[in-house]
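Asks: File follows, structure_35.cif with mmCIF, C-alpha atoms:
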data_data
loop_
_atom_site.label_atom_id
_atom_site.label_comp_id
_atom_site.auth_asym_id
_atom_site.auth_seq_id
_atom_site.Cartn_x
_atom_site.Cartn_y
_atom_site.Cartn_z
CA MET A 1 11.86 13.71 -78.34
CA ILE A 2 11.72 11.48 -75.24
CA VAL A 3 11.34 13.06 -71.80
CA THR A 4 14.06 11.65 -69.55
CA SER A 5 14.08 14.20 -66.73
CA LEU A 6 11.81 14.32 -63.70
CA GLN A 7 12.30 18.09 -63.78
CA ASN A 8 10.06 18.40 -66.84
CA GLN A 9 7.22 20.66 -65.68
CA ARG A 10 4.42 18.51 -67.06
CA VAL A 11 5.93 15.45 -65.41
CA LYS A 12 6.28 17.27 -62.09
CA ASN A 13 2.68 18.50 -62.23
CA ALA A 14 1.40 15.01 -63.06
CA ILE A 15 3.24 13.43 -60.13
CA LYS A 16 1.76 16.04 -57.78
CA LEU A 17 -1.74 14.94 -58.83
CA ARG A 18 -1.45 11.99 -56.47
CA GLY A 19 -2.65 14.37 -53.75
CA HIS A 20 -6.23 15.60 -53.32
CA ARG A 21 -5.11 19.16 -52.62
CA GLU A 22 -3.10 19.32 -55.82
CA ARG A 23 -5.94 17.83 -57.89
CA LYS A 24 -8.19 20.55 -56.54
CA LYS A 25 -5.59 23.24 -57.20
CA GLN A 26 -4.74 22.16 -60.75
CA LYS A 27 -8.31 21.07 -61.56
CA GLN A 28 -6.81 18.00 -63.17
CA PHE A 29 -6.43 14.32 -62.36
CA VAL A 30 -4.60 11.23 -63.60
CA ILE A 31 -6.02 8.21 -65.41
CA ASP A 32 -3.90 5.11 -65.84
CA GLY A 33 -4.85 1.59 -66.91
CA ILE A 34 -6.08 0.73 -70.38
CA ARG A 35 -9.62 -0.18 -69.27
CA GLU A 36 -9.97 3.07 -67.40
CA LEU A 37 -8.57 5.07 -70.29
CA ASN A 38 -10.92 3.42 -72.80
CA HIS A 39 -13.92 4.21 -70.58
CA ALA A 40 -12.71 7.80 -70.22
CA VAL A 41 -12.48 8.16 -74.00
CA ALA A 42 -15.96 6.67 -74.45
CA GLY A 43 -17.29 8.93 -71.69
CA GLY A 44 -15.99 12.07 -73.39
CA VAL A 45 -13.36 12.96 -70.79
CA GLU A 46 -11.13 15.77 -72.05
CA PHE A 47 -7.41 15.03 -71.83
CA GLU A 48 -4.73 17.66 -71.20
CA THR A 49 -1.67 15.45 -71.63
CA LEU A 50 -1.05 11.85 -72.70
CA PHE A 51 2.19 10.28 -71.49
CA VAL A 52 3.43 7.18 -73.30
CA CYS A 53 6.29 4.79 -72.64
CA ARG A 54 6.52 2.88 -75.91
CA SER A 55 8.79 0.16 -74.54
CA LEU A 56 5.95 -0.88 -72.21
CA ALA A 57 2.84 0.01 -74.20
CA SER A 58 0.80 -2.69 -75.90
CA PRO A 59 -0.78 -2.12 -79.34
CA GLU A 60 -4.14 -1.74 -77.61
CA ALA A 61 -2.79 0.92 -75.26
CA LEU A 62 -1.23 2.84 -78.13
CA LYS A 63 -4.66 3.19 -79.75
CA VAL A 64 -5.53 5.72 -77.04
CA LEU A 65 -2.99 8.08 -78.61
CA ASN A 66 -5.26 8.38 -81.65
CA VAL A 67 -8.11 9.98 -79.70
CA SER A 68 -9.00 13.41 -81.01
CA GLY A 69 -8.52 16.56 -78.95
CA ASN A 70 -6.16 19.40 -78.18
CA HIS A 71 -4.01 17.47 -75.71
CA THR A 72 -0.24 17.14 -75.76
CA VAL A 73 1.44 13.73 -76.24
CA LEU A 74 4.75 13.22 -74.40
CA GLU A 75 6.92 10.14 -74.73
CA THR A 76 8.94 9.13 -71.65
CA ASN A 77 11.59 6.60 -70.76
CA GLU A 78 10.93 3.84 -68.22
CA ALA A 79 12.56 5.71 -65.33
CA VAL A 80 10.21 8.69 -65.70
CA TRP A 81 7.27 6.38 -66.33
CA GLU A 82 7.87 4.58 -63.04
CA LYS A 83 7.47 7.86 -61.16
CA LEU A 84 4.34 8.84 -63.07
CA THR A 85 2.28 5.70 -62.51
CA PHE A 86 0.16 4.81 -59.50
CA GLY A 87 0.86 1.36 -58.10
CA ASN A 88 3.00 -0.37 -60.74
CA ARG A 89 0.67 0.08 -63.68
CA ASN A 90 2.59 -0.79 -66.81
CA ASP A 91 0.06 -0.33 -69.60
CA GLY A 92 2.37 2.28 -71.08
CA VAL A 93 -0.12 5.12 -71.51
CA LEU A 94 -1.31 7.57 -68.86
CA ALA A 95 -3.55 10.62 -69.16
CA VAL A 96 -3.83 13.89 -67.29
CA ALA A 97 -7.42 15.03 -67.69
CA LYS A 98 -9.57 18.00 -66.78
CA ALA A 99 -11.48 17.59 -63.51
CA GLU A 100 -14.98 18.79 -64.37
CA SER A 101 -17.61 18.22 -61.71
CA ARG A 102 -21.28 18.18 -62.62
CA PRO A 103 -24.06 19.69 -60.46
CA ILE A 104 -26.87 17.49 -59.22
CA ASP A 105 -29.39 19.52 -61.20
CA SER A 106 -27.73 18.20 -64.36
CA LEU A 107 -28.93 14.66 -63.60
CA LYS A 108 -31.62 13.43 -65.95
CA VAL A 109 -33.10 10.10 -64.88
CA GLY A 110 -36.56 10.25 -66.42
CA GLY A 111 -37.81 8.29 -69.41
CA GLY A 112 -37.57 4.58 -70.04
CA SER A 113 -37.64 2.23 -67.04
CA PRO A 114 -38.20 3.52 -63.48
CA PRO A 115 -35.07 5.27 -62.23
CA LEU A 116 -32.76 3.51 -59.77
CA VAL A 117 -30.39 5.90 -58.00
CA VAL A 118 -27.69 4.94 -55.50
CA ILE A 119 -26.63 7.43 -52.82
CA LEU A 120 -23.41 7.07 -50.82
CA ASP A 121 -23.58 9.19 -47.68
CA GLN A 122 -20.42 10.02 -45.74
CA VAL A 123 -18.51 7.17 -47.42
CA GLU A 124 -14.90 8.31 -47.42
CA LYS A 125 -12.87 5.34 -48.66
CA PRO A 126 -12.26 5.84 -52.40
CA GLY A 127 -12.09 2.10 -53.00
CA ASN A 128 -15.57 1.61 -51.54
CA VAL A 129 -17.01 4.45 -53.60
CA GLY A 130 -15.44 3.06 -56.75
CA ALA A 131 -16.68 -0.45 -56.04
CA VAL A 132 -20.25 0.80 -55.58
CA ILE A 133 -20.06 2.77 -58.83
CA ARG A 134 -18.88 -0.37 -60.63
CA THR A 135 -21.79 -2.37 -59.19
CA ALA A 136 -24.25 0.40 -60.01
CA ASP A 137 -23.07 0.27 -63.59
CA GLY A 138 -23.54 -3.50 -63.65
CA ALA A 139 -27.02 -3.24 -62.14
CA GLY A 140 -28.06 -0.62 -64.69
CA ALA A 141 -28.56 2.15 -62.14
CA SER A 142 -29.50 5.58 -63.44
CA ALA A 143 -26.99 7.55 -61.37
CA VAL A 144 -24.77 7.57 -58.30
CA ILE A 145 -24.82 10.49 -55.87
CA VAL A 146 -22.05 10.93 -53.29
CA THR A 147 -23.18 13.12 -50.38
CA ASP A 148 -21.34 14.84 -47.56
CA ALA A 149 -17.97 13.35 -48.50
CA THR A 150 -14.61 15.01 -47.96
CA GLY A 151 -12.89 13.12 -50.78
CA ASP A 152 -13.20 13.64 -54.51
CA LEU A 153 -14.45 11.67 -57.49
CA PHE A 154 -11.06 11.94 -59.20
CA ASN A 155 -9.09 9.91 -56.67
CA PRO A 156 -7.00 7.32 -58.59
CA ASN A 157 -8.05 4.53 -56.21
CA LEU A 158 -11.71 5.36 -56.84
CA ILE A 159 -11.18 5.34 -60.60
CA ARG A 160 -9.36 2.02 -60.42
CA ALA A 161 -11.96 0.38 -58.13
CA SER A 162 -14.71 1.48 -60.51
CA LEU A 163 -12.74 0.02 -63.46
CA GLY A 164 -13.33 3.34 -65.18
CA THR A 165 -17.13 3.08 -65.07
CA VAL A 166 -17.11 6.38 -63.14
CA PHE A 167 -16.62 7.94 -66.59
CA ARG A 168 -19.54 6.12 -68.19
CA MET A 169 -22.46 6.79 -65.86
CA PRO A 170 -23.78 9.94 -64.17
CA VAL A 171 -21.92 10.43 -60.87
CA VAL A 172 -22.24 13.64 -58.85
CA SER A 173 -21.14 14.91 -55.46
CA CYS A 174 -23.25 17.25 -53.31
CA SER A 175 -24.64 17.76 -49.82
CA ALA A 176 -27.31 15.49 -48.35
CA ALA A 177 -29.70 18.46 -48.30
CA GLU A 178 -29.19 19.07 -52.03
CA ALA A 179 -29.73 15.39 -52.79
CA ILE A 180 -32.96 15.25 -50.78
CA GLU A 181 -34.28 18.37 -52.49
CA TRP A 182 -33.52 16.80 -55.89
CA LEU A 183 -35.20 13.52 -54.90
CA ASP A 184 -38.31 15.44 -53.82
CA ARG A 185 -38.47 17.19 -57.18
CA GLU A 186 -38.03 13.89 -59.01
CA GLY A 187 -40.78 12.26 -56.93
CA MET A 188 -38.61 9.29 -55.99
CA ALA A 189 -39.10 6.96 -53.05
CA VAL A 190 -36.12 6.69 -50.70
CA VAL A 191 -34.94 3.58 -48.86
CA VAL A 192 -32.09 3.83 -46.37
CA THR A 193 -29.96 0.92 -45.18
CA ARG A 194 -29.69 1.10 -41.39
CA VAL A 195 -28.59 -1.29 -38.68
CA GLY A 196 -31.62 -2.46 -36.70
CA ALA A 197 -34.19 -1.43 -39.33
CA LYS A 198 -37.48 -3.31 -39.00
CA SER A 199 -38.16 -3.64 -42.73
CA HIS A 200 -36.32 -6.41 -44.58
CA TYR A 201 -34.77 -5.30 -47.86
CA VAL A 202 -36.74 -7.87 -49.89
CA ASP A 203 -40.06 -6.67 -48.46
CA VAL A 204 -39.95 -3.12 -49.84
CA ASP A 205 -40.89 -2.01 -53.34
CA LEU A 206 -37.68 -1.45 -55.26
CA ALA A 207 -39.34 -1.67 -58.66
CA GLN A 208 -40.73 1.86 -58.35
CA PRO A 209 -38.59 4.96 -58.99
CA VAL A 210 -36.32 4.68 -55.97
CA ALA A 211 -33.10 5.87 -54.40
CA ILE A 212 -31.07 3.45 -52.27
CA VAL A 213 -29.03 5.21 -49.57
CA VAL A 214 -26.04 3.54 -47.90
CA GLY A 215 -23.73 5.05 -45.31
CA SER A 216 -20.24 4.58 -43.98
CA GLU A 217 -19.37 1.41 -42.09
CA ALA A 218 -18.31 3.35 -39.02
CA GLU A 219 -21.12 5.89 -38.73
CA GLY A 220 -23.87 4.78 -41.07
CA VAL A 221 -25.93 7.48 -42.74
CA GLY A 222 -26.00 11.05 -41.50
CA PRO A 223 -28.90 12.70 -39.60
CA ALA A 224 -30.52 14.03 -42.78
CA TRP A 225 -31.48 10.47 -43.78
CA HIS A 226 -33.08 9.66 -40.40
CA ASP A 227 -36.43 11.00 -41.54
CA ASP A 228 -39.83 9.36 -41.27
CA ARG A 229 -40.43 10.09 -44.97
CA PHE A 230 -37.77 7.51 -45.81
CA THR A 231 -38.06 3.75 -45.42
CA ALA A 232 -35.31 2.20 -43.31
CA ILE A 233 -34.29 -1.26 -44.51
CA GLY A 234 -31.96 -3.87 -43.10
CA LEU A 235 -30.06 -6.93 -44.25
CA PRO A 236 -30.13 -10.06 -42.08
CA MET A 237 -26.92 -10.57 -40.10
CA ASN A 238 -26.76 -14.17 -38.92
CA GLY A 239 -23.21 -14.22 -37.61
CA PHE A 240 -21.26 -12.11 -35.16
CA ALA A 241 -20.79 -8.93 -37.22
CA ASP A 242 -23.56 -6.34 -37.15
CA SER A 243 -23.02 -4.96 -40.65
CA LEU A 244 -21.51 -5.62 -44.07
CA ASN A 245 -18.98 -3.68 -46.09
CA VAL A 246 -20.80 -0.75 -47.69
CA SER A 247 -20.09 -1.95 -51.23
CA THR A 248 -21.49 -5.39 -50.39
CA SER A 249 -24.63 -3.95 -48.80
CA ALA A 250 -25.20 -1.69 -51.78
CA ALA A 251 -24.72 -4.59 -54.20
CA VAL A 252 -27.23 -6.80 -52.39
CA VAL A 253 -29.95 -4.14 -52.43
CA MET A 254 -29.24 -3.01 -55.99
CA TYR A 255 -29.56 -6.52 -57.35
CA GLU A 256 -32.73 -7.07 -55.35
CA ALA A 257 -34.07 -4.07 -57.27
CA VAL A 258 -32.93 -5.74 -60.51
CA ARG A 259 -34.70 -8.96 -59.46
CA GLN A 260 -37.96 -7.20 -58.59
CA ARG A 261 -37.98 -5.31 -61.86
CA ARG A 262 -37.30 -8.44 -63.87
CA VAL A 263 -40.10 -10.30 -62.08
CA GLY A 264 -42.46 -7.35 -62.59
CA SER A 265 -41.72 -7.12 -66.30
CA SER A 266 -42.39 -10.83 -66.84
CA GLN A 267 -45.86 -10.75 -65.29
#
Can the structure from this file be put into structure tokens for me?
Replies:
Amino acid sequence: MIVTSLQNQRVKNAIKLRGHRERKKQKQFVIDGIRELNHAVAGGVEFETLFVCRSLASPEALKVLNVSGNHTVLETNEAVWEKLTFGNRNDGVLAVAKAESRPIDSLKVGGGSPPLVVILDQVEKPGNVGAVIRTADGAGASAVIVTDATGDLFNPNLIRASLGTVFRMPVVSCSAAEAIEWLDREGMAVVVTRVGAKSHYVDVDLAQPVAIVVGSEAEGVGPAWHDDRFTAIGLPMNGFADSLNVSTSAAVVMYEAVRQRRVGSSQ
């Protein structure tokens, strides 16, 4: 049976998930895009419903339908599919999944190489958060912590900007106070990117167990991170702007950590 009506209850509920309030209410979110879906499957995300439009789906996309679980599979026509998708995504398969947040105390970053944690403080734009998560995945970071944010980790723009890597690495949301308490317990050094900082980012030890904190472009980091226990670091700005996009700043510092660790391991 093919769903052809927008009045189908599962279709209506899925469309509503475009809004943060409805995602919070239903405790569900939408995943579209074959890369994102494949990462979600590999990351153990639990699906509630899989929608498929077979006239648009590629053989690769249809493989997602074979994933095990107790979800429902609904086939739609192209008219219904167009209303379901976010931003003209025509991979032909879309999932509604359970939104399960993890507490910061669940993070395990010990063992192996020294932990590298990235903290996004007061960063509200989902695209920026997703881009940093994607870079953190590429840099081999241990975890990403989002602090004092009003958004959610299940925003479709965040998922898309992360290319689905949000499902593959530990990502949690909490208050700055909770994050600092966790960092103290883990015995990690903390470096904070701040405009006007005296320490250059290449002159601090990023090869040790460390957390890199970046803030919003408008406000920077919140008051909790203006603490003498933490090392403020800056990036040189040789033009007219006084700061970089948060995802760019985070990428520069993360890959400096990668460089330092590679140099250290070769000595």
Asks: Counting only C-alpha atoms, which of A:Ile233, A:Arg89, A:Glu48, A:Ile34 gets nearest to Lys63 of chain A?
Replies: A:Ile34
Asks: Expand the PyMOL selection byres ((chain A and resi 3-10) around 8) into the individual residues it matches in the shown file, reporting them as a list in words.
Replies: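 On this input, the PyMOL selection byres ((chain A and resi 3-10) around 8) captures Met1, Ile2, Val11, Lys12, Asn13, Ala14, Leu74, Glu75, Thr76, Asn77, Ala79 and Val80 of chain A.
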Asks: May I have the residues at most 12 Å from (-37.6, 11.8, -62.6) in the file's coordinates, counting all atoms listed in the file, as a count of residues only?
Replies: 27
Asks: Could you state the separation of atom CA of Leu17 of chain A and atom CA of Ser173 of chain A in Å, given to one decimal place?
Replies: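 Computing it gives 19.7 Å between the two atoms.
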Asks: Using only C-alpha atoms, pick whichever of A:Gln26, A:Thr147, A:Asn90, A:Ser101 has the shortest atom-to-atom distance to Ser58 of chain A.
Replies: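 Nearest to Ser58 of chain A: A:Asn90.
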Asks: Run the PyMOL selection byres ((chain A and resi 243) around 12) on the file and write out the hits as an mmCIF file with C-alpha atoms, in the coordinates of the input.
Replies:
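Listing of expr-v4.cif after writing:
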data_model
loop_
_atom_site.group_PDB
_atom_site.id
_atom_site.type_symbol
_atom_site.label_atom_id
_atom_site.label_comp_id
_atom_site.auth_asym_id
_atom_site.auth_seq_id
_atom_site.Cartn_x
_atom_site.Cartn_y
_atom_site.Cartn_z
ATOM 1 C CA THR A 193 -29.960 0.920 -45.180
ATOM 2 C CA ARG A 194 -29.690 1.100 -41.390
ATOM 3 C CA VAL A 195 -28.590 -1.290 -38.680
ATOM 4 C CA GLY A 196 -31.620 -2.460 -36.700
ATOM 5 C CA ALA A 197 -34.190 -1.430 -39.330
ATOM 6 C CA VAL A 214 -26.040 3.540 -47.900
ATOM 7 C CA GLY A 215 -23.730 5.050 -45.310
ATOM 8 C CA SER A 216 -20.240 4.580 -43.980
ATOM 9 C CA GLU A 217 -19.370 1.410 -42.090
ATOM 10 C CA ALA A 218 -18.310 3.350 -39.020
ATOM 11 C CA GLU A 219 -21.120 5.890 -38.730
ATOM 12 C CA GLY A 220 -23.870 4.780 -41.070
ATOM 13 C CA GLY A 234 -31.960 -3.870 -43.100
ATOM 14 C CA LEU A 235 -30.060 -6.930 -44.250
ATOM 15 C CA PRO A 236 -30.130 -10.060 -42.080
ATOM 16 C CA MET A 237 -26.920 -10.570 -40.100
ATOM 17 C CA ASN A 238 -26.760 -14.170 -38.920
ATOM 18 C CA GLY A 239 -23.210 -14.220 -37.610
ATOM 19 C CA PHE A 240 -21.260 -12.110 -35.160
ATOM 20 C CA ALA A 241 -20.790 -8.930 -37.220
ATOM 21 C CA ASP A 242 -23.560 -6.340 -37.150
ATOM 22 C CA LEU A 244 -21.510 -5.620 -44.070
ATOM 23 C CA ASN A 245 -18.980 -3.680 -46.090
ATOM 24 C CA VAL A 246 -20.800 -0.750 -47.690
ATOM 25 C CA SER A 247 -20.090 -1.950 -51.230
ATOM 26 C CA THR A 248 -21.490 -5.390 -50.390
ATOM 27 C CA SER A 249 -24.630 -3.950 -48.800
ATOM 28 C CA ALA A 250 -25.200 -1.690 -51.780
#
Asks: At the level of N, CA and C atoms, write segment 53-76 of chain A to a file as a PDB file, in the first residue's frame, please.
Replies:
ATOM      1  N   CYS A  53      10.208   6.471  -1.032  1.00  0.00           N
ATOM      2  CA  CYS A  53       9.576   6.784  -2.317  1.00  0.00           C
ATOM      3  C   CYS A  53      10.390   6.026  -3.367  1.00  0.00           C
ATOM      4  N   ARG A  54       9.903   4.902  -3.794  1.00  0.00           N
ATOM      5  CA  ARG A  54      10.686   3.989  -4.638  1.00  0.00           C
ATOM      6  C   ARG A  54      11.003   4.575  -6.010  1.00  0.00           C
ATOM      7  N   SER A  55      10.183   5.493  -6.488  1.00  0.00           N
ATOM      8  CA  SER A  55      10.462   6.089  -7.790  1.00  0.00           C
ATOM      9  C   SER A  55      11.680   7.005  -7.751  1.00  0.00           C
ATOM     10  N   LEU A  56      12.096   7.417  -6.545  1.00  0.00           N
ATOM     11  CA  LEU A  56      13.249   8.290  -6.396  1.00  0.00           C
ATOM     12  C   LEU A  56      14.451   7.581  -5.779  1.00  0.00           C
ATOM     13  N   ALA A  57      14.216   6.501  -5.067  1.00  0.00           N
ATOM     14  CA  ALA A  57      15.276   5.867  -4.273  1.00  0.00           C
ATOM     15  C   ALA A  57      16.269   5.114  -5.151  1.00  0.00           C
ATOM     16  N   SER A  58      17.548   5.293  -4.840  1.00  0.00           N
ATOM     17  CA  SER A  58      18.607   4.545  -5.515  1.00  0.00           C
ATOM     18  C   SER A  58      18.752   3.182  -4.852  1.00  0.00           C
ATOM     19  N   PRO A  59      19.424   2.233  -5.512  1.00  0.00           N
ATOM     20  CA  PRO A  59      19.665   0.923  -4.878  1.00  0.00           C
ATOM     21  C   PRO A  59      20.392   1.058  -3.538  1.00  0.00           C
ATOM     22  N   GLU A  60      21.311   2.011  -3.463  1.00  0.00           N
ATOM     23  CA  GLU A  60      22.039   2.208  -2.198  1.00  0.00           C
ATOM     24  C   GLU A  60      21.097   2.669  -1.104  1.00  0.00           C
ATOM     25  N   ALA A  61      20.194   3.597  -1.439  1.00  0.00           N
ATOM     26  CA  ALA A  61      19.253   4.101  -0.438  1.00  0.00           C
ATOM     27  C   ALA A  61      18.314   3.003   0.033  1.00  0.00           C
ATOM     28  N   LEU A  62      17.909   2.142  -0.875  1.00  0.00           N
ATOM     29  CA  LEU A  62      16.972   1.077  -0.518  1.00  0.00           C
ATOM     30  C   LEU A  62      17.584   0.070   0.450  1.00  0.00           C
ATOM     31  N   LYS A  63      18.913   0.002   0.515  1.00  0.00           N
ATOM     32  CA  LYS A  63      19.561  -0.915   1.451  1.00  0.00           C
ATOM     33  C   LYS A  63      19.227  -0.570   2.899  1.00  0.00           C
ATOM     34  N   VAL A  64      18.945   0.707   3.149  1.00  0.00           N
ATOM     35  CA  VAL A  64      18.609   1.140   4.511  1.00  0.00           C
ATOM     36  C   VAL A  64      17.357   0.427   4.998  1.00  0.00           C
ATOM     37  N   LEU A  65      16.468   0.046   4.084  1.00  0.00           N
ATOM     38  CA  LEU A  65      15.225  -0.603   4.472  1.00  0.00           C
ATOM     39  C   LEU A  65      15.472  -1.977   5.093  1.00  0.00           C
ATOM     40  N   ASN A  66      16.672  -2.518   4.884  1.00  0.00           N
ATOM     41  CA  ASN A  66      16.982  -3.852   5.401  1.00  0.00           C
ATOM     42  C   ASN A  66      17.514  -3.827   6.829  1.00  0.00           C
ATOM     43  N   VAL A  67      17.670  -2.628   7.408  1.00  0.00           N
ATOM     44  CA  VAL A  67      18.198  -2.550   8.763  1.00  0.00           C
ATOM     45  C   VAL A  67      17.215  -3.212   9.728  1.00  0.00           C
ATOM     46  N   SER A  68      17.749  -3.899  10.697  1.00  0.00           N
ATOM     47  CA  SER A  68      16.897  -4.595  11.659  1.00  0.00           C
ATOM     48  C   SER A  68      16.291  -3.618  12.663  1.00  0.00           C
ATOM     49  N   GLY A  69      15.178  -4.006  13.255  1.00  0.00           N
ATOM     50  CA  GLY A  69      14.520  -3.166  14.246  1.00  0.00           C
ATOM     51  C   GLY A  69      13.016  -3.323  14.192  1.00  0.00           C
ATOM     52  N   ASN A  70      12.344  -2.635  15.097  1.00  0.00           N
ATOM     53  CA  ASN A  70      10.890  -2.748  15.194  1.00  0.00           C
ATOM     54  C   ASN A  70      10.167  -1.578  14.521  1.00  0.00           C
ATOM     55  N   HIS A  71      10.827  -0.907  13.611  1.00  0.00           N
ATOM     56  CA  HIS A  71      10.242   0.256  12.966  1.00  0.00           C
ATOM     57  C   HIS A  71       9.220  -0.149  11.897  1.00  0.00           C
ATOM     58  N   THR A  72       8.424   0.813  11.503  1.00  0.00           N
ATOM     59  CA  THR A  72       7.444   0.642  10.437  1.00  0.00           C
ATOM     60  C   THR A  72       8.007   1.204   9.133  1.00  0.00           C
ATOM     61  N   VAL A  73       7.780   0.528   8.019  1.00  0.00           N
ATOM     62  CA  VAL A  73       8.184   1.017   6.700  1.00  0.00           C
ATOM     63  C   VAL A  73       6.935   1.445   5.943  1.00  0.00           C
ATOM     64  N   LEU A  74       6.915   2.711   5.489  1.00  0.00           N
ATOM     65  CA  LEU A  74       5.782   3.236   4.735  1.00  0.00           C
ATOM     66  C   LEU A  74       6.256   3.737   3.375  1.00  0.00           C
ATOM     67  N   GLU A  75       5.614   3.280   2.322  1.00  0.00           N
ATOM     68  CA  GLU A  75       5.929   3.741   0.979  1.00  0.00           C
ATOM     69  C   GLU A  75       5.015   4.904   0.634  1.00  0.00           C
ATOM     70  N   THR A  76       5.585   5.964   0.033  1.00  0.00           N
ATOM     71  CA  THR A  76       4.800   7.148  -0.333  1.00  0.00           C
ATOM     72  C   THR A  76       4.923   7.436  -1.832  1.00  0.00           C
TER      73      THR A  76
END
